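Asks: Sharing model_31.json here; it has JSON, C-alpha atoms.
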```json
[["chain", "number", "residue", "atom", "x", "y", "z"],
["J", 885, "MET", "CA", -17.16, 7.30, 31.83],
["J", 886, "LYS", "CA", -17.44, 10.07, 29.27],
["J", 887, "LEU", "CA", -17.39, 9.29, 25.55],
["J", 888, "LEU", "CA", -16.95, 12.00, 22.92],
["J", 889, "ILE", "CA", -18.24, 11.49, 19.38],
["J", 890, "THR", "CA", -16.24, 13.97, 17.34],
["J", 891, "GLU", "CA", -18.23, 13.70, 14.08],
["J", 892, "PRO", "CA", -21.84, 12.97, 15.04],
["J", 893, "THR", "CA", -23.57, 14.15, 11.85],
["J", 894, "GLY", "CA", -25.48, 11.18, 10.47],
["J", 895, "PHE", "CA", -24.14, 8.95, 13.23],
["J", 896, "SER", "CA", -25.97, 5.63, 13.54],
["J", 897, "LYS", "CA", -28.96, 5.93, 15.86],
["J", 898, "LYS", "CA", -28.51, 2.32, 16.92],
["J", 899, "ALA", "CA", -24.82, 2.82, 17.69],
["J", 900, "SER", "CA", -25.62, 5.98, 19.64],
["J", 901, "GLU", "CA", -28.18, 4.13, 21.75],
["J", 902, "MET", "CA", -25.73, 1.29, 22.36],
["J", 903, "LEU", "CA", -23.04, 3.70, 23.53],
["J", 904, "SER", "CA", -25.45, 5.68, 25.72],
["J", 905, "SER", "CA", -26.33, 2.50, 27.60],
["J", 906, "SER", "CA", -22.81, 2.36, 29.08],
["J", 907, "PHE", "CA", -21.30, 5.83, 28.65],
["J", 908, "ASP", "CA", -22.07, 9.47, 29.20],
["J", 909, "VAL", "CA", -22.09, 10.42, 25.52],
["J", 910, "ILE", "CA", -21.11, 13.89, 24.31],
["J", 911, "LYS", "CA", -21.56, 14.89, 20.66],
["J", 912, "LEU", "CA", -19.57, 17.76, 19.22],
["J", 913, "ASN", "CA", -21.53, 20.52, 17.53],
["J", 914, "SER", "CA", -18.36, 21.54, 15.69],
["J", 915, "LEU", "CA", -14.82, 20.22, 15.47],
["J", 916, "ASN", "CA", -13.70, 23.68, 16.48],
["J", 917, "THR", "CA", -15.02, 23.04, 20.00],
["J", 918, "ILE", "CA", -13.08, 19.83, 20.54],
["J", 919, "HIS", "CA", -10.63, 21.51, 22.95],
["J", 920, "GLU", "CA", -13.49, 22.25, 25.34],
["J", 921, "HIS", "CA", -14.06, 18.54, 25.95],
["J", 922, "LEU", "CA", -10.81, 16.66, 25.47],
["J", 923, "HIS", "CA", -9.57, 17.09, 29.02],
["J", 924, "THR", "CA", -12.62, 15.36, 30.53],
["J", 925, "VAL", "CA", -13.28, 12.37, 28.24],
["J", 926, "ASP", "CA", -12.33, 8.74, 28.75],
["J", 927, "VAL", "CA", -13.24, 7.52, 25.27],
["J", 928, "LEU", "CA", -13.01, 9.11, 21.82],
["J", 929, "PHE", "CA", -15.15, 7.91, 18.93],
["J", 930, "ILE", "CA", -13.55, 9.53, 15.89],
["J", 931, "ARG", "CA", -13.44, 9.47, 12.10],
["J", 932, "LEU", "CA", -11.07, 11.26, 9.72],
["J", 933, "GLY", "CA", -11.98, 14.90, 10.36],
["J", 934, "VAL", "CA", -9.11, 15.52, 12.78],
["J", 935, "VAL", "CA", -5.55, 14.24, 13.05],
["J", 936, "PHE", "CA", -5.05, 13.12, 16.64],
["J", 937, "ASP", "CA", -1.35, 13.82, 16.98],
["J", 938, "LYS", "CA", 0.66, 13.96, 20.19],
["J", 939, "VAL", "CA", -0.10, 17.64, 20.80],
["J", 940, "LEU", "CA", -3.86, 17.09, 20.64],
["J", 941, "LEU", "CA", -3.83, 13.83, 22.56],
["J", 942, "GLU", "CA", -1.83, 15.41, 25.39],
["J", 943, "GLU", "CA", -4.91, 17.49, 26.13],
["J", 944, "ALA", "CA", -6.90, 14.31, 26.78],
["J", 945, "LYS", "CA", -5.47, 13.61, 30.21],
["J", 946, "GLN", "CA", -8.11, 10.99, 31.10],
["J", 947, "LEU", "CA", -8.24, 9.27, 27.73],
["J", 948, "LYS", "CA", -8.24, 5.47, 27.86],
["J", 949, "ILE", "CA", -9.75, 4.34, 24.54],
["J", 950, "ILE", "CA", -9.89, 5.59, 20.96],
["J", 951, "CYS", "CA", -12.53, 4.09, 18.65],
["J", 952, "THR", "CA", -12.26, 4.63, 14.92],
["J", 953, "PRO", "CA", -14.48, 2.87, 12.34],
["J", 954, "THR", "CA", -11.64, 2.88, 9.81],
["J", 955, "THR", "CA", -9.01, 0.41, 8.63],
["J", 956, "GLY", "CA", -6.30, 3.05, 8.22],
["J", 957, "LEU", "CA", -4.85, 4.58, 11.39],
["J", 958, "ASP", "CA", -2.62, 7.30, 9.97],
["J", 959, "HIS", "CA", -4.85, 9.96, 11.56],
["J", 960, "ILE", "CA", -3.71, 8.81, 15.03],
["J", 961, "ASP", "CA", -0.30, 9.06, 16.69],
["J", 962, "LEU", "CA", 0.13, 5.36, 17.37],
["J", 963, "GLU", "CA", 3.45, 5.69, 19.17],
["J", 964, "TYR", "CA", 2.01, 8.17, 21.62],
["J", 965, "CYS", "CA", -1.01, 5.95, 22.23],
["J", 966, "LYS", "CA", 1.30, 3.02, 22.93],
["J", 967, "ALA", "CA", 3.35, 5.08, 25.36],
["J", 968, "ARG", "CA", 0.18, 6.22, 27.14],
["J", 969, "ASN", "CA", -1.35, 2.72, 27.03],
["J", 970, "ILE", "CA", -4.38, 4.09, 25.17],
["J", 971, "LYS", "CA", -6.44, 1.25, 23.71],
["J", 972, "LEU", "CA", -7.24, 1.47, 19.97],
["J", 973, "ILE", "CA", -10.43, -0.10, 18.65],
["J", 974, "SER", "CA", -10.65, -0.08, 14.85],
["J", 975, "LEU", "CA", -11.60, -2.11, 11.78],
["J", 976, "LYS", "CA", -8.02, -3.17, 11.14],
["J", 977, "GLY", "CA", -7.83, -6.93, 10.79],
["J", 978, "GLU", "CA", -11.60, -7.43, 10.92],
["J", 979, "GLN", "CA", -11.55, -9.34, 7.64],
["J", 980, "ASN", "CA", -14.83, -11.22, 7.98],
["J", 981, "PHE", "CA", -16.80, -8.09, 8.73],
["J", 982, "LEU", "CA", -15.02, -5.95, 6.15],
["J", 983, "GLU", "CA", -15.76, -8.39, 3.35],
["J", 984, "SER", "CA", -19.41, -7.40, 3.74],
["J", 985, "ILE", "CA", -18.60, -3.72, 3.08],
["J", 986, "PRO", "CA", -18.40, -2.94, -0.68],
["J", 987, "SER", "CA", -18.28, 0.86, -0.69],
["J", 988, "THR", "CA", -14.56, 1.39, -1.35],
["J", 989, "ALA", "CA", -14.43, -1.11, -4.18],
["J", 990, "GLU", "CA", -17.60, 0.34, -5.67],
["J", 991, "HIS", "CA", -16.07, 3.82, -5.65],
["J", 992, "ALA", "CA", -12.79, 2.59, -7.13],
["J", 993, "TRP", "CA", -14.74, 0.95, -9.94],
["J", 994, "THR", "CA", -16.74, 4.13, -10.49],
["J", 995, "LEU", "CA", -13.50, 6.09, -10.85],
["J", 996, "LEU", "CA", -12.09, 3.51, -13.25],
["J", 997, "MET", "CA", -15.12, 3.69, -15.52],
["J", 998, "ALA", "CA", -15.29, 7.49, -15.35],
["J", 999, "LEU", "CA", -11.65, 7.75, -16.39],
["J", 1000, "ASN", "CA", -12.00, 5.26, -19.20],
["J", 1001, "ARG", "CA", -15.02, 6.96, -20.76],
["J", 1002, "LYS", "CA", -13.84, 10.52, -20.01],
["J", 1003, "ILE", "CA", -17.09, 11.20, -18.19],
["J", 1004, "TYR", "CA", -15.77, 14.33, -16.47],
["J", 1005, "HIS", "CA", -14.93, 16.00, -19.78],
["J", 1006, "ALA", "CA", -18.02, 14.74, -21.58],
["J", 1007, "VAL", "CA", -20.36, 16.23, -18.97],
["J", 1008, "ASP", "CA", -18.54, 19.58, -19.08],
["J", 1009, "HIS", "CA", -18.71, 19.46, -22.87],
["J", 1010, "VAL", "CA", -22.51, 19.17, -22.86],
["J", 1011, "ASN", "CA", -22.85, 21.78, -20.10],
["J", 1012, "GLU", "CA", -21.03, 24.13, -22.47],
["J", 1013, "LYS", "CA", -23.80, 23.50, -25.04],
["J", 1014, "GLN", "CA", -21.66, 21.31, -27.29],
["J", 1015, "TRP", "CA", -22.42, 17.90, -28.78],
["J", 1016, "ASP", "CA", -19.44, 16.18, -30.39],
["J", 1017, "ARG", "CA", -18.98, 12.57, -29.38],
["J", 1018, "ASN", "CA", -15.84, 12.17, -31.50],
["J", 1019, "GLN", "CA", -13.89, 14.00, -28.80],
["J", 1020, "PHE", "CA", -14.62, 11.27, -26.29],
["J", 1021, "LYS", "CA", -13.86, 7.99, -28.00],
["J", 1022, "SER", "CA", -12.49, 5.46, -25.54],
["J", 1023, "PHE", "CA", -11.96, 1.72, -25.08],
["J", 1024, "ASN", "CA", -14.01, -1.29, -24.09],
["J", 1025, "LEU", "CA", -13.11, -2.84, -20.76],
["J", 1026, "LYS", "CA", -13.61, -6.32, -22.18],
["J", 1027, "ASN", "CA", -10.26, -8.05, -22.80],
["J", 1028, "LYS", "CA", -8.30, -5.21, -21.22],
["J", 1029, "THR", "CA", -5.96, -5.97, -18.30],
["J", 1030, "LEU", "CA", -6.79, -4.82, -14.78],
["J", 1031, "GLY", "CA", -3.83, -4.80, -12.42],
["J", 1032, "ILE", "CA", -4.69, -4.85, -8.73],
["J", 1033, "LEU", "CA", -2.02, -3.76, -6.24],
["J", 1034, "GLY", "CA", -3.07, -5.16, -2.86],
["J", 1035, "LEU", "CA", -5.13, -8.32, -2.51],
["J", 1036, "GLY", "CA", -7.03, -7.66, 0.69],
["J", 1037, "ARG", "CA", -10.82, -7.47, 0.78],
["J", 1038, "VAL", "CA", -11.04, -4.44, -1.56],
["J", 1039, "GLY", "CA", -8.58, -5.94, -4.00],
["J", 1040, "LYS", "CA", -10.61, -9.16, -4.05],
["J", 1041, "GLN", "CA", -13.81, -7.23, -4.70],
["J", 1042, "MET", "CA", -12.15, -5.33, -7.55],
["J", 1043, "ALA", "CA", -10.98, -8.63, -9.05],
["J", 1044, "GLU", "CA", -14.57, -9.84, -9.10],
["J", 1045, "TYR", "CA", -15.74, -6.65, -10.79],
["J", 1046, "GLY", "CA", -13.00, -6.95, -13.40],
["J", 1047, "GLN", "CA", -13.92, -10.53, -14.19],
["J", 1048, "THR", "CA", -17.59, -9.57, -14.45],
["J", 1049, "PHE", "CA", -16.58, -7.10, -17.17],
["J", 1050, "ALA", "CA", -14.59, -9.83, -18.97],
["J", 1051, "MET", "CA", -11.24, -8.25, -18.19],
["J", 1052, "LYS", "CA", -8.00, -10.10, -17.66],
["J", 1053, "VAL", "CA", -7.14, -9.59, -13.99],
["J", 1054, "LEU", "CA", -3.64, -9.51, -12.52],
["J", 1055, "GLY", "CA", -3.08, -9.36, -8.76],
["J", 1056, "TYR", "CA", 0.03, -8.49, -6.75],
["J", 1057, "ASP", "CA", 0.43, -7.99, -3.01],
["J", 1058, "THR", "CA", 3.37, -6.59, -1.06],
["J", 1059, "ASN", "CA", 3.06, -9.68, 1.14],
["J", 1060, "PRO", "CA", 4.42, -12.52, -1.04],
["J", 1061, "GLU", "CA", 2.28, -15.05, 0.83],
["J", 1062, "ILE", "CA", -0.94, -13.42, -0.39],
["J", 1063, "GLU", "CA", -2.23, -14.50, -3.78],
["J", 1064, "LEU", "CA", -5.62, -14.91, -5.43],
["J", 1065, "THR", "CA", -6.14, -18.28, -7.05],
["J", 1066, "GLN", "CA", -8.78, -16.93, -9.43],
["J", 1067, "VAL", "CA", -6.47, -14.35, -11.07],
["J", 1068, "GLU", "CA", -3.01, -14.31, -12.59],
["J", 1069, "ASN", "CA", -0.33, -13.41, -10.04],
["J", 1070, "PRO", "CA", 2.73, -11.82, -11.70],
["J", 1071, "ALA", "CA", 6.08, -12.49, -10.10],
["J", 1072, "THR", "CA", 6.95, -8.83, -9.58],
["J", 1073, "VAL", "CA", 5.16, -5.53, -9.12],
["J", 1074, "GLU", "CA", 7.08, -4.30, -12.17],
["J", 1075, "ASP", "CA", 5.28, -6.95, -14.25],
["J", 1076, "LEU", "CA", 1.96, -5.75, -12.88],
["J", 1077, "PHE", "CA", 2.61, -2.15, -13.89],
["J", 1078, "SER", "CA", 4.04, -2.93, -17.33],
["J", 1079, "LYS", "CA", 1.22, -5.30, -18.35],
["J", 1080, "SER", "CA", -1.86, -3.47, -17.02],
["J", 1081, "ASP", "CA", -4.22, -1.16, -18.87],
["J", 1082, "PHE", "CA", -5.78, -0.12, -15.56],
["J", 1083, "ILE", "CA", -4.07, -0.19, -12.15],
["J", 1084, "SER", "CA", -6.06, 0.02, -8.92],
["J", 1085, "ILE", "CA", -4.19, 0.57, -5.65],
["J", 1086, "HIS", "CA", -5.37, -1.16, -2.47],
["J", 1087, "ILE", "CA", -2.32, -1.75, -0.26],
["J", 1088, "PRO", "CA", -2.35, -0.49, 3.35],
["J", 1089, "LEU", "CA", -0.18, 2.40, 4.46],
["J", 1090, "ASN", "CA", 2.77, 1.58, 6.70],
["J", 1091, "ASP", "CA", 6.45, 2.54, 6.90],
["J", 1092, "SER", "CA", 7.37, 0.17, 4.08],
["J", 1093, "THR", "CA", 4.67, 1.34, 1.64],
["J", 1094, "ILE", "CA", 5.19, 5.12, 1.74],
["J", 1095, "LYS", "CA", 5.69, 6.13, -1.92],
["J", 1096, "PHE", "CA", 5.64, 2.45, -2.85],
["J", 1097, "VAL", "CA", 4.31, 3.49, -6.26],
["J", 1098, "ASN", "CA", 7.42, 5.42, -7.26],
["J", 1099, "SER", "CA", 8.71, 7.04, -10.44],
["J", 1100, "ASN", "CA", 10.25, 3.76, -11.59],
["J", 1101, "LEU", "CA", 6.95, 1.87, -11.47],
["J", 1102, "ILE", "CA", 5.07, 4.76, -13.05],
["J", 1103, "SER", "CA", 7.58, 4.85, -15.92],
["J", 1104, "LEU", "CA", 6.70, 1.23, -16.75],
["J", 1105, "MET", "CA", 3.03, 2.00, -17.38],
["J", 1106, "LYS", "CA", 1.53, 1.83, -20.86],
["J", 1107, "PRO", "CA", 0.81, 5.21, -22.54],
["J", 1108, "ASN", "CA", -2.91, 4.40, -22.56],
["J", 1109, "ALA", "CA", -2.95, 3.12, -18.97],
["J", 1110, "CYS", "CA", -5.04, 4.63, -16.18],
["J", 1111, "ILE", "CA", -4.28, 4.46, -12.45],
["J", 1112, "ILE", "CA", -6.72, 4.69, -9.55],
["J", 1113, "ASN", "CA", -5.92, 5.17, -5.86],
["J", 1114, "THR", "CA", -8.50, 4.65, -3.10],
["J", 1115, "SER", "CA", -5.94, 3.57, -0.50],
["J", 1116, "ARG", "CA", -3.90, 6.44, 0.98],
["J", 1117, "GLY", "CA", -2.22, 9.42, -0.63],
["J", 1118, "LYS", "CA", 1.18, 8.56, 0.80],
["J", 1119, "ILE", "CA", 1.19, 5.23, -1.05],
["J", 1120, "TRP", "CA", 2.35, 6.86, -4.29],
["J", 1121, "ASP", "CA", 4.67, 9.61, -5.45],
["J", 1122, "GLU", "CA", 2.17, 12.35, -6.28],
["J", 1123, "GLU", "CA", 4.66, 14.49, -8.16],
["J", 1124, "SER", "CA", 5.68, 11.62, -10.45],
["J", 1125, "ILE", "CA", 2.04, 10.68, -11.07],
["J", 1126, "ALA", "CA", 1.16, 14.27, -11.99],
["J", 1127, "GLU", "CA", 4.21, 14.60, -14.25],
["J", 1128, "ALA", "CA", 3.40, 11.37, -16.09],
["J", 1129, "LEU", "CA", -0.13, 12.61, -16.81],
["J", 1130, "LEU", "CA", 1.00, 16.09, -17.86],
["J", 1131, "ASP", "CA", 3.70, 14.62, -20.15],
["J", 1132, "GLY", "CA", 1.21, 12.29, -21.84],
["J", 1133, "LYS", "CA", 2.94, 9.16, -20.58],
["J", 1134, "ILE", "CA", -0.30, 7.80, -19.07],
["J", 1135, "ARG", "CA", -3.94, 8.33, -20.05],
["J", 1136, "GLY", "CA", -5.67, 9.05, -16.77],
["J", 1137, "VAL", "CA", -5.40, 9.44, -13.00],
["J", 1138, "ALA", "CA", -8.18, 9.16, -10.44],
["J", 1139, "THR", "CA", -7.74, 9.37, -6.71],
["J", 1140, "ASP", "CA", -9.87, 9.57, -3.60],
["J", 1141, "VAL", "CA", -6.87, 10.50, -1.45],
["J", 1142, "ILE", "CA", -3.99, 12.97, -1.47],
["J", 1143, "PHE", "CA", -0.68, 12.98, 0.36],
["J", 1144, "ASP", "CA", -1.42, 15.43, 3.17],
["J", 1145, "GLU", "CA", -5.19, 15.69, 2.96],
["J", 1146, "LEU", "CA", -5.64, 16.55, 6.65],
["J", 1147, "SER", "CA", -2.92, 19.21, 6.78],
["J", 1148, "GLU", "CA", -3.40, 22.93, 6.20],
["J", 1149, "ASP", "CA", -1.31, 22.62, 3.03],
["J", 1150, "TRP", "CA", -3.47, 19.97, 1.36],
["J", 1151, "GLN", "CA", -4.18, 22.24, -1.61],
["J", 1152, "ASN", "CA", -0.49, 22.12, -2.56],
["J", 1153, "SER", "CA", -0.83, 18.56, -3.80],
["J", 1154, "PRO", "CA", 0.71, 18.22, -7.29],
["J", 1155, "ILE", "CA", -2.37, 16.30, -8.40],
["J", 1156, "LEU", "CA", -4.67, 19.16, -7.43],
["J", 1157, "LYS", "CA", -2.60, 21.47, -9.63],
["J", 1158, "VAL", "CA", -3.42, 19.40, -12.73],
["J", 1159, "ASP", "CA", -6.08, 21.17, -14.80],
["J", 1160, "PRO", "CA", -8.99, 18.67, -14.98],
["J", 1161, "SER", "CA", -10.51, 20.56, -17.90],
["J", 1162, "THR", "CA", -7.47, 19.64, -19.99],
["J", 1163, "TYR", "CA", -6.24, 16.37, -18.54],
["J", 1164, "ASN", "CA", -8.07, 13.16, -17.65],
["J", 1165, "CYS", "CA", -7.78, 13.62, -13.89],
["J", 1166, "ILE", "CA", -10.47, 13.02, -11.26],
["J", 1167, "VAL", "CA", -10.09, 13.76, -7.54],
["J", 1168, "THR", "CA", -12.73, 13.02, -4.91],
["J", 1169, "PRO", "CA", -12.51, 14.04, -1.22],
["J", 1170, "HIS", "CA", -11.89, 10.65, 0.46],
["J", 1171, "ILE", "CA", -15.48, 9.52, -0.01],
["J", 1172, "ALA", "CA", -14.92, 5.87, -0.97],
["J", 1173, "GLY", "CA", -16.11, 4.55, 2.38],
["J", 1174, "ALA", "CA", -18.63, 7.32, 2.93],
["J", 1175, "THR", "CA", -21.94, 5.70, 2.12],
["J", 1176, "PHE", "CA", -24.87, 5.82, 4.53],
["J", 1177, "ASP", "CA", -24.92, 2.03, 4.68],
["J", 1178, "SER", "CA", -21.21, 1.48, 5.27],
["J", 1179, "MET", "CA", -20.81, 4.24, 7.84],
["J", 1180, "ARG", "CA", -23.83, 3.01, 9.80],
["J", 1181, "LEU", "CA", -22.62, -0.60, 9.78],
["J", 1182, "THR", "CA", -19.05, 0.29, 10.75],
["J", 1183, "GLU", "CA", -20.19, 2.57, 13.58],
["J", 1184, "GLU", "CA", -22.40, -0.18, 14.98],
["J", 1185, "PHE", "CA", -19.63, -2.75, 14.66],
["J", 1186, "ILE", "CA", -17.13, -0.56, 16.50],
["J", 1187, "ALA", "CA", -19.72, 0.26, 19.18],
["J", 1188, "GLU", "CA", -20.17, -3.47, 19.74],
["J", 1189, "LYS", "CA", -16.41, -3.97, 19.97],
["J", 1190, "LEU", "CA", -16.13, -1.14, 22.50],
["J", 1191, "LEU", "CA", -18.92, -2.51, 24.69],
["J", 1192, "ALA", "CA", -17.42, -6.00, 24.60],
["J", 1193, "TYR", "CA", -14.03, -4.58, 25.61],
["J", 1194, "ALA", "CA", -15.47, -2.35, 28.34],
["J", 1195, "ASN", "CA", -17.44, -5.22, 29.83]]
```
What is this file in structure tokens?
Replies:
Amino acid sequence: MKLLITEPTGFSKKASEMLSSSFDVIKLNSLNTIHEHLHTVDVLFIRLGVVFDKVLLEEAKQLKIICTPTTGLDHIDLEYCKARNIKLISLKGEQNFLESIPSTAEHAWTLLMALNRKIYHAVDHVNEKQWDRNQFKSFNLKNKTLGILGLGRVGKQMAEYGQTFAMKVLGYDTNPEIELTQVENPATVEDLFSKSDFISIHIPLNDSTIKFVNSNLISLMKPNACIINTSRGKIWDEESIAEALLDGKIRGVATDVIFDELSEDWQNSPILKVDPSTYNCIVTPHIAGATFDSMRLTEEFIAEKLLAYAN
């Protein structure tokens, strides 16, 4: 059986050896050459570089399995895979394993601290040969309120970070059965947004959570509040977030994701049109999970899952 690794740069050597023991492994030199191989492969090992929609998957006539070392699956046409009986192997639901992976929470915390201390502007200020700290006064994190939207493994890790910094931590999940005993659990998401000085988004993307963070919730935020998104760009209303920042209704926005980041029109995101030299806005290119350690571990875990399934 042929297995195609679509993004082999930096791919785990151990995972590659594991896969080669049972499959004829092909590694793409460039994503532009993917069409040369799709029609012959039985297994795809992918990341987030390509959206595997129906049109692309129709080229893979022999495809039986898609492996993706990600929790989110919005880069795959799930309905088409179901219709074709294509097996999906991912990190979704692998709670025990995922709790050992800290990279997304670490990045979310980095964004939170960078927003709070205006690091982006302060660095630019010094690069412009200026030295005036009075322009960058900020707030202590101690005794401030951190609101966490989504209490899965990343939300739990963020709660621990917040408590380490002596913050008051609030936690709300879209699933009413999920609560954290070690934090305060407000009755409504509106309470979370109105009471928090910092809001960090960690809910999964599905049909019910598209634009879950809407203009109504954003309007409840404190004027000095900051919001961070390391989940998915479709979780919030980008236009309302950008407007709130531009109108001075919130203090800062940081995101690792945008609404249509894999489309050709990704640069049209309202958040990307905010001038970061004027406003407290930080955007990173979906790098929260992209550490050498995490990518290696997740590739090896998915390789093990594939081999167990194939055998």
Asks: Taking only C-alpha atoms into account, produce a table as a Markdown table in which each residue of range 1005-1082 of chain J with an atom at most 12 Å from an atom of range 1133-1138 of chain J appears once, together with its shortest atom pair and the distance in Å to one decimal, ordered by chain and rising number.
Replies:
```
| residue | atom | partner | partner_atom | distance |
| --- | --- | --- | --- | --- |
| J:His1005 | CA | J:Gly1136 | CA | 12.0 |
| J:Ser1022 | CA | J:Arg1135 | CA | 10.6 |
| J:Phe1023 | CA | J:Arg1135 | CA | 11.5 |
| J:Phe1077 | CA | J:Ile1134 | CA | 11.6 |
| J:Ser1078 | CA | J:Ile1134 | CA | 11.7 |
| J:Ser1080 | CA | J:Ile1134 | CA | 11.6 |
| J:Asp1081 | CA | J:Arg1135 | CA | 9.6 |
| J:Phe1082 | CA | J:Gly1136 | CA | 9.3 |
```
Asks: Provide the CA of Leu1181 in chain J to CA of Glu983 in chain J distance in Å, to one decimal place.
Replies: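 Pair CA of Leu1181 in chain J / CA of Glu983 in chain J returns 12.2 Å.
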Asks: Near range 1144-1159 of chain J, within 10 Å and counting only C-alpha atoms, which residues show up once chain neighbours fewer than 3 positions away are dropped, as a PyMOL selection string?
Replies: chain J and resi 932-935+959+1116-1118+1121-1127+1129-1130+1137-1139+1141+1162-1167+1169-1170
Asks: Counting only C-alpha atoms, which of J:Tyr964, J:Phe981, J:Phe1049, J:Phe1096 gets nearest to Lys1189 in chain J?
Replies: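 Under the stated criterion, the closest residue is J:Phe981.
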Asks: What's the 8 Å shell around Ala1043 in chain J, counting all atoms listed in the file, without same-chain residues fewer than 5 positions away, as a ChimeraX atom specification?
Replies: /J:1032,1053,1055,1067
